[in-house]
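**Student:** Please find one structure pasted underneath; my questions will follow.
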Amino acid sequence: MRLAVLASGTGSILEAIVDAGLPVHLVVTDRPCGALDLAASLGISTRIVERDSFGDDFDRNAYTVDLVDVLVKAGTDLIAMAGFGTILAKPAYDKFADRILNTHPALLPAFPGWHSVAEAMVHGVKVTGCTVHVATLEVDSGPILAQEAVSVLPDDDEESLHERIKMVERRLYPETIRAVLENRTLLMGEYA
């Protein structure tokens, strides 16, 4: 199966995926970022499908159609979002139903969205964690494939807590991607 990774940042999750020996054939970003340089240094094909706006005039549907076109032309079977900063529109989920994975720094369904670590701190939870799930049109609400708890320590701030969650994420996400690649029934809507 051909695995594509979508990224927008430094590439630390991408690096964990590659270090786990997973067969990444393409890295696509929505902006110039460190993940592109990392992929290029590893000999992985890269593409930028750059956002033309981060404002109210952003055409999410048109952007998604362009991204899906790149993924289809590359023969992509499975997509792993790895810190990808653009929410995708319906055409992605129509074309790649049950084949887009995401990792999230909270124990979903608690604290969905972009500020989950900060929200966990504000709410004073004692435990949060990492969730790997099938991405769906509704953000952070798809079927959960794996979760692992991370304790919130008394001296934690948002940065220290997020770093400990990332340590779990860099192990749990590649393990889950591997399980999906090895068990194609997950891609047909049968979640274990």
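Going by the structure tokens order, chains are called A, B, ..., each with residues numbered from 1, while ligands are numbered from 1 in the order shown.
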Going by DSSP on the backbone, which bits of stretch 62-110 of chain A are strand (DSSP E)? Write them as an mmCIF file with C-alpha atoms, in the first residue's frame, please.

**Tutor:**
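out-v7.cif, freshly written:
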data_model
loop_
_atom_site.group_PDB
_atom_site.id
_atom_site.type_symbol
_atom_site.label_atom_id
_atom_site.label_comp_id
_atom_site.auth_asym_id
_atom_site.auth_seq_id
_atom_site.Cartn_x
_atom_site.Cartn_y
_atom_site.Cartn_z
ATOM 1 C CA LEU A 78 -3.618 5.528 2.791
ATOM 2 C CA ILE A 79 -3.116 9.052 4.166
ATOM 3 C CA ALA A 80 -1.581 9.941 7.523
ATOM 4 C CA MET A 81 -2.116 13.500 8.694
ATOM 5 C CA ALA A 82 0.920 14.502 10.699
ATOM 6 C CA ILE A 100 -7.323 9.117 6.214
ATOM 7 C CA LEU A 101 -5.759 8.761 9.661
ATOM 8 C CA ASN A 102 -5.079 11.509 12.169
ATOM 9 C CA THR A 103 -3.416 11.862 15.537
ATOM 10 C CA HIS A 104 -4.744 14.221 18.180
#

**Student:** Which neighbours of stretch 124-138 of chain A fall inside 7 Å, counting only C-alpha atoms, when residues of the same chain fewer than 2 positions from it are skipped, and could you give them as a PyMOL selection string?

**Tutor:** chain A and resi 89-90+93+98+100-108+120-122+140-152+165+168-169+173

**Student:** List every residue of stretch 20-178 of chain A that DSSP, applied to the backbone of this structure, places in helix (DSSP H, G or I), and write the result as JSON, numbers by chain.

**Tutor:** {"A": [34, 35, 36, 37, 38, 39, 40, 41, 60, 61, 62, 63, 64, 65, 66, 67, 68, 69, 70, 71, 72, 73, 90, 91, 92, 93, 94, 95, 116, 117, 118, 119, 120, 121, 122, 123, 158, 159, 160, 161, 162, 163, 164, 165, 166, 167, 168, 169, 170, 171, 172, 173, 174, 175, 176, 177, 178]}

**Student:** Would you please work out which residue, of A:Glu182, A:Leu42, A:Arg31, A:Asp56, is nearest to A:Glu15 when using only C-alpha atoms?

**Tutor:**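 Result for the nearest residue to A:Glu15: A:Leu42.
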
**Student:** Of the candidates A:Asp66, A:Asp19, A:Ser8, A:Ile13, which shows the shortest atom-to-atom distance to A:Thr86, using only C-alpha atoms?

**Tutor:**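 Nearest to A:Thr86: A:Ser8.
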
**Student:** Need to verify the contact set: A:Ala118, 10 Å, only C-alpha atoms, exclusion of same-chain residues closer than 4 positions in sequence. Can you return it as a list in words?

**Tutor:**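 Listing them by chain and then by number gives Phe111, Trp114, Val122, His123, Gly124, Asp157, Glu158, Glu159, Leu161 and His162 of chain A.
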
**Student:** So that I have them on file, write out the residues from the current selection with C-alpha atoms, as an mmCIF file, in the first residue's frame.

**Tutor:**
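Result went into again-v5.cif, see below:
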data_model
loop_
_atom_site.group_PDB
_atom_site.id
_atom_site.type_symbol
_atom_site.label_atom_id
_atom_site.label_comp_id
_atom_site.auth_asym_id
_atom_site.auth_seq_id
_atom_site.Cartn_x
_atom_site.Cartn_y
_atom_site.Cartn_z
ATOM 1 C CA PHE A 111 -10.962 18.406 23.803
ATOM 2 C CA TRP A 114 -6.633 22.891 17.578
ATOM 3 C CA VAL A 122 -7.675 25.156 31.744
ATOM 4 C CA HIS A 123 -10.138 22.431 32.757
ATOM 5 C CA GLY A 124 -7.680 21.026 35.309
ATOM 6 C CA ASP A 157 2.576 23.967 31.692
ATOM 7 C CA GLU A 158 1.102 23.680 28.209
ATOM 8 C CA GLU A 159 4.505 23.202 26.578
ATOM 9 C CA LEU A 161 2.506 18.559 28.780
ATOM 10 C CA HIS A 162 2.343 18.792 24.995
#

**Student:** How far is it from atom CA of A:Ile48 to atom CA of A:Val28, in Å with one decimal?

**Tutor:**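 If I compute the distance from atom CA of A:Ile48 to atom CA of A:Val28, I get 5.6 Å.
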
**Student:** For A:Ala35, which residue out of A:Leu22, A:Val5, A:Val117, A:Val139 is the nearest one, using only C-alpha atoms?

**Tutor:** A:Val5

**Student:** How many Å lie between atom CA of A:Thr46 and atom CA of A:Val68, rounded to one decimal?

**Tutor:** 14.5 Å
